[in-house]
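Raw contents of data_3.txt, compact mmCIF, C-alpha atoms and all ligand atoms:
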# COMPACT_ATOMS: atom_id res chain seq x y z
CA MET A 228 -100.72 174.33 11.38
CA ALA A 229 -104.19 173.97 12.75
CA GLU A 230 -105.28 176.55 15.27
CA PHE A 231 -106.87 176.36 18.67
CA LYS A 232 -108.76 178.94 20.67
CA THR A 233 -107.24 180.79 23.59
CA ILE A 234 -108.56 182.60 26.66
CA ASP A 235 -108.83 185.74 24.51
CA ASP A 236 -111.61 184.14 22.45
CA PHE A 237 -114.15 183.81 25.27
CA ASP A 238 -116.10 185.94 27.71
CA PHE A 239 -115.72 184.26 31.09
CA LYS A 240 -117.91 186.45 33.28
CA GLY A 241 -120.26 184.23 35.29
CA LYS A 242 -119.18 181.12 33.37
CA THR A 243 -118.22 177.83 34.98
CA VAL A 244 -114.84 176.88 33.56
CA LEU A 245 -113.16 173.50 33.92
CA VAL A 246 -109.42 174.10 33.88
CA ARG A 247 -107.07 171.15 33.40
CA VAL A 248 -103.69 172.09 34.81
CA ASP A 249 -100.56 170.06 35.54
CA PHE A 250 -99.85 170.29 39.27
CA ASN A 251 -97.80 167.06 39.19
CA SER A 252 -94.88 167.87 41.48
CA PRO A 253 -92.05 166.09 43.28
CA VAL A 254 -93.30 164.63 46.58
CA ASP A 255 -91.28 163.37 49.56
CA PRO A 256 -92.00 159.63 49.65
CA GLU A 257 -91.93 159.55 53.48
CA THR A 258 -93.68 162.74 54.57
CA LYS A 259 -95.82 163.03 51.41
CA LYS A 260 -95.01 166.73 51.34
CA VAL A 261 -95.00 168.55 47.99
CA LEU A 262 -91.37 169.60 47.51
CA ASP A 263 -91.56 172.09 44.68
CA ASP A 264 -94.26 174.55 43.65
CA THR A 265 -92.95 175.56 40.19
CA ARG A 266 -95.85 174.13 38.22
CA ILE A 267 -98.54 175.27 40.68
CA ARG A 268 -97.01 178.75 40.57
CA ALA A 269 -96.90 178.79 36.76
CA HIS A 270 -100.62 177.99 36.38
CA GLY A 271 -101.64 180.05 39.42
CA GLU A 272 -99.91 183.26 38.40
CA THR A 273 -101.24 183.13 34.85
CA THR A 274 -104.35 181.23 33.76
CA ILE A 275 -106.01 180.72 37.15
CA LYS A 276 -105.54 184.33 38.32
CA GLU A 277 -106.70 185.66 34.97
CA LEU A 278 -109.85 183.53 34.78
CA SER A 279 -110.78 184.38 38.35
CA ALA A 280 -110.21 188.10 37.70
CA LYS A 281 -112.44 187.83 34.63
CA GLY A 282 -115.29 186.58 36.84
CA ALA A 283 -115.19 182.88 35.95
CA LYS A 284 -116.14 180.15 38.40
CA VAL A 285 -112.86 178.28 38.18
CA VAL A 286 -112.88 174.50 38.67
CA ILE A 287 -109.41 172.96 38.68
CA LEU A 288 -108.76 169.41 37.51
CA ALA A 289 -105.28 167.97 37.90
CA HIS A 290 -103.31 164.83 38.63
CA GLN A 291 -100.50 164.01 41.02
CA GLY A 292 -98.40 160.86 40.58
CA ARG A 293 -99.69 157.55 39.34
CA PRO A 294 -101.91 155.11 41.30
CA GLY A 295 -99.75 152.70 43.29
CA GLU A 296 -96.74 155.03 43.40
CA PRO A 297 -95.56 156.94 46.49
CA ASP A 298 -96.30 160.35 44.94
CA PHE A 299 -99.95 159.47 44.26
CA ILE A 300 -101.55 161.78 46.84
CA PRO A 301 -104.70 163.93 47.11
CA LEU A 302 -104.59 167.52 45.91
CA LYS A 303 -105.38 169.20 49.26
CA GLN A 304 -101.80 170.47 49.67
CA HIS A 305 -101.76 171.75 46.10
CA ALA A 306 -104.94 173.74 46.82
CA GLU A 307 -103.30 175.27 49.92
CA ILE A 308 -100.16 176.18 47.95
CA LEU A 309 -102.30 177.67 45.18
CA GLU A 310 -104.18 179.78 47.72
CA LYS A 311 -100.90 181.40 48.83
CA ILE A 312 -99.79 181.93 45.24
CA ILE A 313 -102.95 183.63 44.01
CA GLY A 314 -103.58 185.46 47.29
CA LYS A 315 -107.25 184.54 47.56
CA PRO A 316 -109.23 181.65 49.08
CA VAL A 317 -109.13 178.37 47.18
CA LYS A 318 -111.76 175.74 47.95
CA TYR A 319 -110.92 172.06 47.92
CA VAL A 320 -113.16 169.03 47.80
CA ASP A 321 -111.97 165.42 48.26
CA ASP A 322 -114.10 164.21 45.39
CA ILE A 323 -113.71 164.28 41.59
CA PHE A 324 -117.20 164.01 40.10
CA GLY A 325 -119.53 162.66 42.84
CA GLU A 326 -122.30 164.65 44.56
CA LYS A 327 -119.80 166.41 46.84
CA ALA A 328 -117.83 167.75 43.88
CA LYS A 329 -120.94 168.62 41.90
CA ASN A 330 -122.48 170.56 44.81
CA ALA A 331 -119.23 172.43 45.37
CA ILE A 332 -119.23 173.44 41.68
CA ARG A 333 -122.89 174.51 41.77
CA ASN A 334 -122.22 176.68 44.86
CA LEU A 335 -119.31 178.58 43.32
CA LYS A 336 -119.63 182.35 42.94
CA ASP A 337 -118.06 184.42 40.19
CA GLY A 338 -114.28 184.62 40.59
CA GLU A 339 -114.08 181.73 43.08
CA VAL A 340 -111.60 178.90 42.65
CA LEU A 341 -112.22 175.24 43.49
CA VAL A 342 -109.70 172.38 43.28
CA LEU A 343 -111.16 168.90 42.76
CA ASP A 344 -109.34 165.80 43.97
CA ASN A 345 -106.60 163.95 42.05
CA VAL A 346 -108.24 163.04 38.75
CA ARG A 347 -106.17 159.85 38.56
CA GLY A 348 -108.35 158.52 41.39
CA PHE A 349 -110.82 157.86 38.57
CA PRO A 350 -109.81 154.48 37.09
CA GLY A 351 -110.90 155.47 33.56
CA GLU A 352 -108.68 158.57 33.51
CA ARG A 353 -105.47 156.98 32.23
CA LYS A 354 -107.03 154.75 29.56
CA LYS A 355 -105.67 155.73 26.17
CA LYS A 356 -108.73 156.65 24.11
CA THR A 357 -109.98 159.17 21.59
CA ALA A 358 -111.68 162.42 22.61
CA GLU A 359 -115.03 161.00 21.56
CA GLU A 360 -114.55 157.80 23.58
CA HIS A 361 -113.43 159.71 26.67
CA SER A 362 -116.36 162.09 26.32
CA LYS A 363 -118.54 159.12 27.31
CA SER A 364 -116.56 158.49 30.51
CA GLU A 365 -118.16 159.00 33.92
CA LEU A 366 -115.79 161.90 34.51
CA VAL A 367 -116.93 163.88 31.48
CA ARG A 368 -120.60 162.86 31.70
CA ASN A 369 -120.78 164.11 35.29
CA LEU A 370 -118.76 167.31 35.07
CA ALA A 371 -119.34 168.66 31.55
CA PRO A 372 -123.08 169.44 32.09
CA LEU A 373 -122.08 171.77 34.96
CA ALA A 374 -119.52 173.68 32.89
CA ASP A 375 -119.63 176.21 30.04
CA ILE A 376 -116.03 176.13 28.83
CA PHE A 377 -113.04 173.80 29.10
CA VAL A 378 -109.54 175.26 29.33
CA ASN A 379 -106.53 172.99 28.91
CA ASP A 380 -103.43 174.55 30.43
CA ALA A 381 -101.57 171.27 30.96
CA PHE A 382 -99.04 171.28 28.12
CA SER A 383 -96.79 169.00 30.16
CA ALA A 384 -99.51 166.32 30.21
CA ALA A 385 -100.65 166.91 26.60
CA HIS A 386 -98.81 163.78 25.41
CA ARG A 387 -101.35 161.70 27.32
CA ALA A 388 -104.65 160.80 25.60
CA HIS A 389 -106.31 160.74 29.03
CA ALA A 390 -109.96 161.46 29.86
CA SER A 391 -109.40 164.85 31.54
CA ILE A 392 -107.02 165.95 28.76
CA VAL A 393 -109.08 165.12 25.68
CA GLY A 394 -112.62 164.10 26.79
CA PHE A 395 -114.08 167.53 27.56
CA THR A 396 -112.96 169.02 24.24
CA TRP A 397 -115.53 166.80 22.50
CA VAL A 398 -118.50 168.29 24.35
CA LEU A 399 -117.48 171.78 25.48
CA PRO A 400 -116.12 174.87 23.69
CA SER A 401 -112.42 174.67 24.58
CA ALA A 402 -109.43 176.94 24.84
CA ALA A 403 -105.72 176.68 25.54
CA GLY A 404 -104.65 178.30 28.82
CA ARG A 405 -101.72 180.71 29.03
CA ILE A 406 -99.10 178.08 29.91
CA MET A 407 -100.23 175.82 27.09
CA GLU A 408 -100.11 178.80 24.74
CA ARG A 409 -96.69 179.94 25.95
CA GLU A 410 -95.10 176.50 25.73
CA LEU A 411 -96.43 175.87 22.23
CA LYS A 412 -95.33 179.28 21.01
CA ALA A 413 -91.77 178.71 22.24
CA LEU A 414 -91.62 175.17 20.88
CA ARG A 415 -93.05 176.08 17.51
CA ARG A 416 -90.53 178.90 17.25
CA VAL A 417 -87.86 176.23 17.49
CA LEU A 418 -89.37 173.43 15.43
CA GLU A 419 -91.40 175.13 12.74
CA ASN A 420 -89.20 177.87 11.46
CA PRO A 421 -86.05 178.21 13.53
CA GLU A 422 -83.72 181.06 12.86
CA LYS A 423 -80.47 179.52 11.62
CA PRO A 424 -78.02 178.26 12.62
CA CYS A 425 -80.01 176.10 15.01
CA VAL A 426 -78.14 174.04 17.60
CA PHE A 427 -79.44 171.21 19.79
CA THR A 428 -77.35 170.53 22.91
CA LEU A 429 -78.22 167.07 24.19
CA GLY A 430 -76.80 165.61 27.39
CA GLY A 431 -77.96 163.63 30.38
CA ALA A 432 -78.86 159.97 30.25
CA LYS A 433 -82.02 159.63 28.15
CA ALA A 434 -80.27 158.05 25.19
CA ASP A 435 -83.27 156.65 23.39
CA ASP A 436 -85.08 160.02 23.48
CA SER A 437 -81.95 161.88 22.37
CA LEU A 438 -81.48 159.61 19.37
CA LYS A 439 -85.11 160.09 18.33
CA ILE A 440 -84.88 163.86 18.74
CA SER A 441 -81.59 163.99 16.79
CA THR A 442 -83.07 161.90 14.00
CA TYR A 443 -86.17 164.08 13.74
CA VAL A 444 -84.40 167.44 13.82
CA LEU A 445 -81.73 166.38 11.33
CA ASN A 446 -84.13 164.66 8.92
CA ASN A 447 -86.38 167.71 8.95
CA LYS A 448 -83.51 170.18 8.55
CA ILE A 449 -84.36 171.86 11.84
CA ALA A 450 -80.95 171.48 13.50
CA ASP A 451 -77.64 172.47 11.92
CA TYR A 452 -75.59 170.98 14.73
CA ILE A 453 -76.10 168.59 17.60
CA LEU A 454 -73.71 168.89 20.53
CA THR A 455 -73.50 165.81 22.73
CA GLY A 456 -72.43 165.41 26.35
CA GLY A 457 -73.20 163.36 29.45
CA ILE A 458 -74.09 159.72 28.89
CA ILE A 459 -75.34 160.67 25.42
CA GLY A 460 -71.85 161.90 24.59
CA HIS A 461 -70.37 158.59 25.81
CA LEU A 462 -72.76 156.61 23.68
CA PHE A 463 -72.13 158.67 20.55
CA LEU A 464 -68.37 158.29 21.13
CA ALA A 465 -68.84 154.53 21.44
CA ALA A 466 -70.81 154.61 18.16
CA LYS A 467 -67.78 156.31 16.56
CA GLY A 468 -65.75 153.27 17.57
CA PHE A 469 -64.13 154.53 20.79
CA ASP A 470 -63.64 152.05 23.61
CA LEU A 471 -64.33 154.18 26.69
CA GLY A 472 -62.83 151.69 29.15
CA LYS A 473 -64.40 149.28 31.56
CA PRO A 474 -66.29 151.50 34.07
CA ASN A 475 -67.81 153.62 31.31
CA MET A 476 -68.70 150.81 28.91
CA SER A 477 -70.30 148.83 31.75
CA LEU A 478 -72.37 151.88 32.68
CA LEU A 479 -73.72 152.02 29.12
CA GLU A 480 -74.36 148.30 29.23
CA LYS A 481 -76.15 148.59 32.60
CA GLN A 482 -78.37 151.31 31.17
CA GLY A 483 -79.27 149.00 28.30
CA VAL A 484 -78.38 151.57 25.63
CA LEU A 485 -75.68 149.76 23.64
CA GLY A 486 -78.39 148.48 21.29
CA LEU A 487 -78.84 152.06 20.06
CA ILE A 488 -75.33 152.19 18.57
CA PRO A 489 -76.22 150.95 15.05
CA GLY A 490 -78.94 153.65 14.78
CA ILE A 491 -76.53 156.35 15.98
CA LYS A 492 -73.85 155.20 13.50
CA GLU A 493 -76.32 155.35 10.67
CA LEU A 494 -77.41 158.88 11.64
CA MET A 495 -73.80 160.09 11.91
CA GLU A 496 -73.02 158.67 8.47
CA ALA A 497 -76.10 160.30 6.96
CA TYR A 498 -75.16 163.71 8.41
CA PRO A 499 -71.36 163.95 8.47
CA GLY A 500 -70.02 166.80 10.63
CA LYS A 501 -73.43 167.68 12.08
CA ILE A 502 -73.23 165.67 15.28
CA LYS A 503 -70.43 166.81 17.56
CA VAL A 504 -68.96 164.45 20.12
CA PRO A 505 -66.46 165.35 22.86
CA VAL A 506 -62.79 165.62 21.81
CA ASP A 507 -61.66 165.46 25.42
CA LEU A 508 -63.17 164.31 28.69
CA ALA A 509 -62.89 164.83 32.44
CA ILE A 510 -62.27 161.66 34.38
CA GLU A 511 -62.14 161.10 38.13
CA VAL A 512 -58.76 160.05 39.49
CA ASP A 513 -58.54 159.72 43.29
CA GLY A 514 -61.58 161.94 43.73
CA GLU A 515 -60.17 164.70 41.51
CA ARG A 516 -60.83 165.99 38.01
CA ARG A 517 -58.29 165.11 35.34
CA GLU A 518 -58.75 165.78 31.64
CA ILE A 519 -57.78 163.39 28.87
CA SER A 520 -58.04 163.52 25.09
CA THR A 521 -60.34 161.00 23.45
CA ASP A 522 -57.14 159.77 21.71
CA ASP A 523 -56.05 158.51 25.14
CA LEU A 524 -59.09 156.26 25.52
CA PRO A 525 -59.80 153.68 26.91
CA THR A 526 -59.58 154.77 30.53
CA GLU A 527 -60.01 152.77 33.69
CA HIS A 528 -61.48 155.85 35.41
CA PRO A 529 -65.09 157.02 35.26
CA ILE A 530 -65.85 159.87 32.86
CA PHE A 531 -67.83 162.63 34.60
CA ASP A 532 -67.69 165.65 32.28
CA ILE A 533 -66.67 166.96 28.88
CA GLY A 534 -63.17 168.47 28.73
CA SER A 535 -61.93 172.07 28.18
CA ARG A 536 -61.24 171.73 24.44
CA THR A 537 -64.73 170.34 23.88
CA ILE A 538 -66.22 173.19 25.92
CA LYS A 539 -64.32 175.70 23.76
CA GLU A 540 -65.48 174.08 20.53
CA TYR A 541 -69.11 173.90 21.73
CA LYS A 542 -69.01 177.54 22.85
CA GLU A 543 -67.88 178.65 19.38
CA ILE A 544 -70.83 176.85 17.79
CA ILE A 545 -73.21 178.28 20.41
CA ASN A 546 -71.91 181.82 19.89
CA ALA A 547 -72.71 181.64 16.17
CA ALA A 548 -76.19 180.14 16.70
CA LYS A 549 -79.51 181.97 16.39
CA THR A 550 -81.65 179.22 17.94
CA ILE A 551 -80.53 176.85 20.71
CA VAL A 552 -82.31 173.98 22.42
CA VAL A 553 -80.63 172.56 25.49
CA SER A 554 -81.76 169.41 27.25
CA GLY A 555 -79.63 167.35 29.61
CA PRO A 556 -76.42 168.24 31.49
CA MET A 557 -72.92 167.77 30.01
CA GLY A 558 -71.68 165.95 33.10
CA VAL A 559 -72.15 165.31 36.79
CA TYR A 560 -72.78 169.01 37.53
CA GLU A 561 -73.88 168.21 41.09
CA ARG A 562 -70.18 167.71 41.93
CA GLU A 563 -68.10 170.86 41.91
CA GLU A 564 -65.12 169.26 40.10
CA PHE A 565 -67.39 168.15 37.28
CA MET A 566 -69.78 171.06 36.84
CA LYS A 567 -67.49 172.98 34.45
CA GLY A 568 -68.91 171.55 31.21
CA THR A 569 -72.56 172.04 32.11
CA LYS A 570 -71.95 175.47 33.66
CA GLU A 571 -69.87 176.92 30.85
CA VAL A 572 -72.14 175.59 28.11
CA LEU A 573 -75.21 177.02 29.89
CA GLU A 574 -73.39 180.33 30.46
CA ALA A 575 -72.51 180.53 26.77
CA ILE A 576 -76.16 179.86 25.86
CA ALA A 577 -77.37 182.47 28.37
CA SER A 578 -75.06 185.16 27.02
CA SER A 579 -75.64 184.43 23.32
CA ASP A 580 -78.09 186.47 21.23
CA ALA A 581 -79.87 183.30 20.14
CA PHE A 582 -83.39 182.34 21.19
CA SER A 583 -82.80 179.56 23.72
CA LEU A 584 -85.17 176.90 24.92
CA VAL A 585 -84.26 175.01 28.09
CA GLY A 586 -85.97 171.72 28.93
CA GLY A 587 -85.65 168.71 31.21
CA GLY A 588 -85.70 168.60 35.02
CA HIS A 589 -81.91 168.48 35.58
CA THR A 590 -81.14 171.16 33.00
CA VAL A 591 -83.77 173.51 34.41
CA ALA A 592 -82.41 172.86 37.93
CA ALA A 593 -78.81 173.51 36.79
CA THR A 594 -79.85 176.71 35.00
CA GLU A 595 -81.51 177.87 38.21
CA GLU A 596 -78.53 176.86 40.35
CA PHE A 597 -76.11 178.83 38.17
CA GLY A 598 -78.41 181.88 38.30
CA LEU A 599 -79.00 181.87 34.53
CA SER A 600 -82.78 181.42 34.38
CA ASP A 601 -83.54 185.08 33.60
CA LYS A 602 -81.14 185.08 30.67
CA MET A 603 -82.72 182.17 28.79
CA GLY A 604 -85.33 182.62 26.06
CA TYR A 605 -87.78 180.10 27.44
CA ILE A 606 -87.69 177.52 30.21
CA SER A 607 -90.13 174.68 29.72
CA THR A 608 -91.85 173.10 32.72
CA ALA A 609 -92.61 169.98 30.69
CA GLY A 610 -90.84 166.61 30.73
CA GLY A 611 -92.27 163.83 28.57
CA ALA A 612 -94.48 166.19 26.54
CA LEU A 613 -91.50 168.32 25.56
CA ILE A 614 -89.54 165.27 24.46
CA ALA A 615 -92.50 163.97 22.44
CA PHE A 616 -92.86 167.37 20.78
CA LEU A 617 -89.14 167.57 19.94
CA MET A 618 -89.39 164.11 18.36
CA GLY A 619 -92.10 165.45 16.07
CA GLU A 620 -94.94 163.53 17.70
CA GLU A 621 -98.46 164.88 17.66
CA LEU A 622 -99.68 165.65 21.19
CA PRO A 623 -103.24 164.35 21.80
CA GLY A 624 -104.05 167.25 24.14
CA VAL A 625 -103.10 169.84 21.51
CA LYS A 626 -104.82 167.97 18.70
CA ALA A 627 -108.01 167.81 20.79
CA LEU A 628 -107.95 171.60 21.24
CA GLU A 629 -107.50 172.08 17.49
CA GLU A 630 -110.40 169.72 16.76
CA ALA A 631 -112.58 171.54 19.30
CA ALA A 632 -111.89 174.86 17.57
CA LYS A 633 -113.24 173.32 14.37
CA ARG A 634 -116.20 171.59 16.01
CA PHE A 635 -117.43 174.57 18.00
CA GLY A 636 -116.71 177.24 15.37
CA SER A 637 -116.49 180.89 16.37
C1 LIG B 701 -95.22 165.02 33.84
O1 LIG B 701 -94.86 165.26 35.01
O2 LIG B 701 -94.41 164.87 32.91
C2 LIG B 701 -96.68 165.02 33.55
O3 LIG B 701 -97.41 165.46 34.64
C3 LIG B 701 -97.16 163.68 33.08
O4 LIG B 701 -97.09 162.74 34.09
P1 LIG B 701 -97.12 161.17 33.72
O5 LIG B 701 -95.81 160.86 33.06
O6 LIG B 701 -97.33 160.46 35.02
O7 LIG B 701 -98.29 160.96 32.76
Whole structure given in structure tokens:
Amino acid sequence: MAEFKTIDDFDFKGKTVLVRVDFNSPVDPETKKVLDDTRIRAHGETTIKELSAKGAKVVILAHQGRPGEPDFIPLKQHAEILEKIIGKPVKYVDDIFGEKAKNAIRNLKDGEVLVLDNVRGFPGERKKKTAEEHSKSELVRNLAPLADIFVNDAFSAAHRAHASIVGFTWVLPSAAGRIMERELKALRRVLENPEKPCVFTLGGAKADDSLKISTYVLNNKIADYILTGGIIGHLFLAAKGFDLGKPNMSLLEKQGVLGLIPGIKELMEAYPGKIKVPVDLAIEVDGERREISTDDLPTEHPIFDIGSRTIKEYKEIINAAKTIVVSGPMGVYEREEFMKGTKEVLEAIASSDAFSLVGGGHTVAATEEFGLSDKMGYISTAGGALIAFLMGEELPGVKALEEAAKRFGS
């Protein structure tokens, strides 16, 4: 494993530091109000506070949404939220690398924090290029000469080979921020040398991702068991030859995931007994929960959760595990009648001695809702980057930091 530098490797006093964070947050499409401050809080309470306390002139670069989408908004609100979180003034400039931004950077005093505008306002930002190519972009050519160090704290955007993620690492000594460091440490603990048995609990609806993750972690002997639920569970049951009944099969068809069945079958045959599918299910009959065995399939009712026998079986596997990754709910946990599977599986994970890693928006929200967040080993704030990592993909943002460590030496 190549290594990257961290905040501990630099003296920040009086230095101008460009810090790439991930402030990308849910935004109300009508009012344009930022609805959740989790990511801003994570970076603010760690990396940003620390760099400011160490006397750095902190210049924040971040994105919000994608151009053309309703959540593509300026970062003024984010700067105001950050100010409350870190408890000291945060400057904001509605410019990314023009004269306004450059003057604001030049006028910073030690310990001050400045947020630049949404970096995706720069059309070259989202082009997929190498670090060297992006280092020639207007963004990097304008900002890098004003800075001494680049810190990348945006693990959750590290799967993007974008200008602000990789470009600065080519021309500036670079370090991973605390969130980047923390996420990678937790993920490497799971993927590189997991304590065994290692269990992956995969639910929700992202079937393509789940199949790729399952394939990677089984082929590389990372996971001992994969527990399936949610739409993933339905699809894996269908791959075992079960006809789930009209409403459920048409849902799979509508989601365009039936084409994954041959790949799933192949994986299950290659690893017999490793991939667990539900043995019973909760269906909705007249608005109520009713449980049926998979032997009773097909059903004309929609399946909304795993059943009690499945929960019991999954709990036994979880209780014996030493490492657990959980991504995706086991059912429609938003409805009280169908939250049992998700809740009990998460409770079992929370109370086990295993190191647990929780990822994915819905799973993190459910963990929070059930009051289990404090009992988990690590809760990732990443979405796509986490999935890419669990599939064994190299993350351009991380690779760029490793390359920078080599290029700039000690
Ligand atoms: C995320 O929210 O997963 C990251 O901020 C990346 O956003 P993107 O998918 O728009 O690149």
- request: Could you give me, as a ChimeraX atom specification, every polymer residue with an atom at most 12 Å away from an atom of ligand LIG 701 (chain B), counting all atoms listed in the file?
  value: /A:247-254,265-267,289-296,298-299,345-347,352-355,380-389,391-392,586-588,607-615,624
Contacts of Gly460 in chain A at 10 Å (only C-alpha atoms; same-chain gap of 5+ positions) as a PyMOL selection string: chain A and resi 429-432+434+454-455+465-466+503-505+508+532-533+557-558
query: So, counting all atoms listed in the file, which residue among A:Lys626, A:Gly468, A:Ser578, A:Lys423 is closest to Ala548 in chain A?
result: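 Checking each candidate against Ala548 in chain A, we get A:Lys423 as the closest.
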query: Please, which residues are within 7 Å of (-79.0, 180.3, 21.8) by the file's coordinates, counting only C-alpha atoms, and could they come as a list in words?
result: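 Every polymer residue passing the test: Ile545, Ala548, Lys549, Thr550, Ile551, Ile576, Ser579, Asp580, Ala581, Phe582 and Ser583 of chain A.
Using all atoms listed in the file, the nearest neighbour of Asp263 in chain A within the list A:Lys242, A:His305, A:Arg405, A:Lys284 is A:His305.
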task: Could you tell me which of A:Glu574, A:Glu563, A:Glu527, A:Glu408 comes closest to Thr233 in chain A if we count all atoms listed in the file?
output: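 That would be A:Glu408, the residue with the smallest distance to Thr233 in chain A.
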- prompt: Using all atoms listed in the file, which residue out of A:Ala509, A:Ile312, A:Val285, A:Val553 lies closest to Lys336 in chain A?
  reply: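 Between A:Ala509, A:Ile312, A:Val285, A:Val553, the residue approaching Lys336 in chain A most closely is A:Val285.
Between Ala632 in chain A and the candidates A:Thr258, A:Ser600, A:Thr396, A:Asn334, the tightest atom-to-atom separation, counting all atoms listed in the file, involves A:Thr396.
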task: Select, from A:Asp236, A:Asp375, A:Glu630, A:Glu518, the residue with the minimum atom-to-atom distance to Thr537 in chain A, counting all atoms listed in the file.
output: A:Glu518
task: Fewer than 6 positions away in the same chain doesn't count, so skip those; otherwise give me all residues within 10 Å of Leu373 in chain A, counting only C-alpha atoms, as a PyMOL selection string.
output: chain A and resi 242-245+329-330+332-333
Go ahead and write the residues just picked, C-alpha atoms, as a PDB file, in the coordinates of the input.
ATOM      1  CA  LYS A 242    -119.180 181.120  33.370  1.00  0.00           C
ATOM      2  CA  THR A 243    -118.220 177.830  34.980  1.00  0.00           C
ATOM      3  CA  VAL A 244    -114.840 176.880  33.560  1.00  0.00           C
ATOM      4  CA  LEU A 245    -113.160 173.500  33.920  1.00  0.00           C
ATOM      5  CA  LYS A 329    -120.940 168.620  41.900  1.00  0.00           C
ATOM      6  CA  ASN A 330    -122.480 170.560  44.810  1.00  0.00           C
ATOM      7  CA  ILE A 332    -119.230 173.440  41.680  1.00  0.00           C
ATOM      8  CA  ARG A 333    -122.890 174.510  41.770  1.00  0.00           C
TER       9      ARG A 333
END
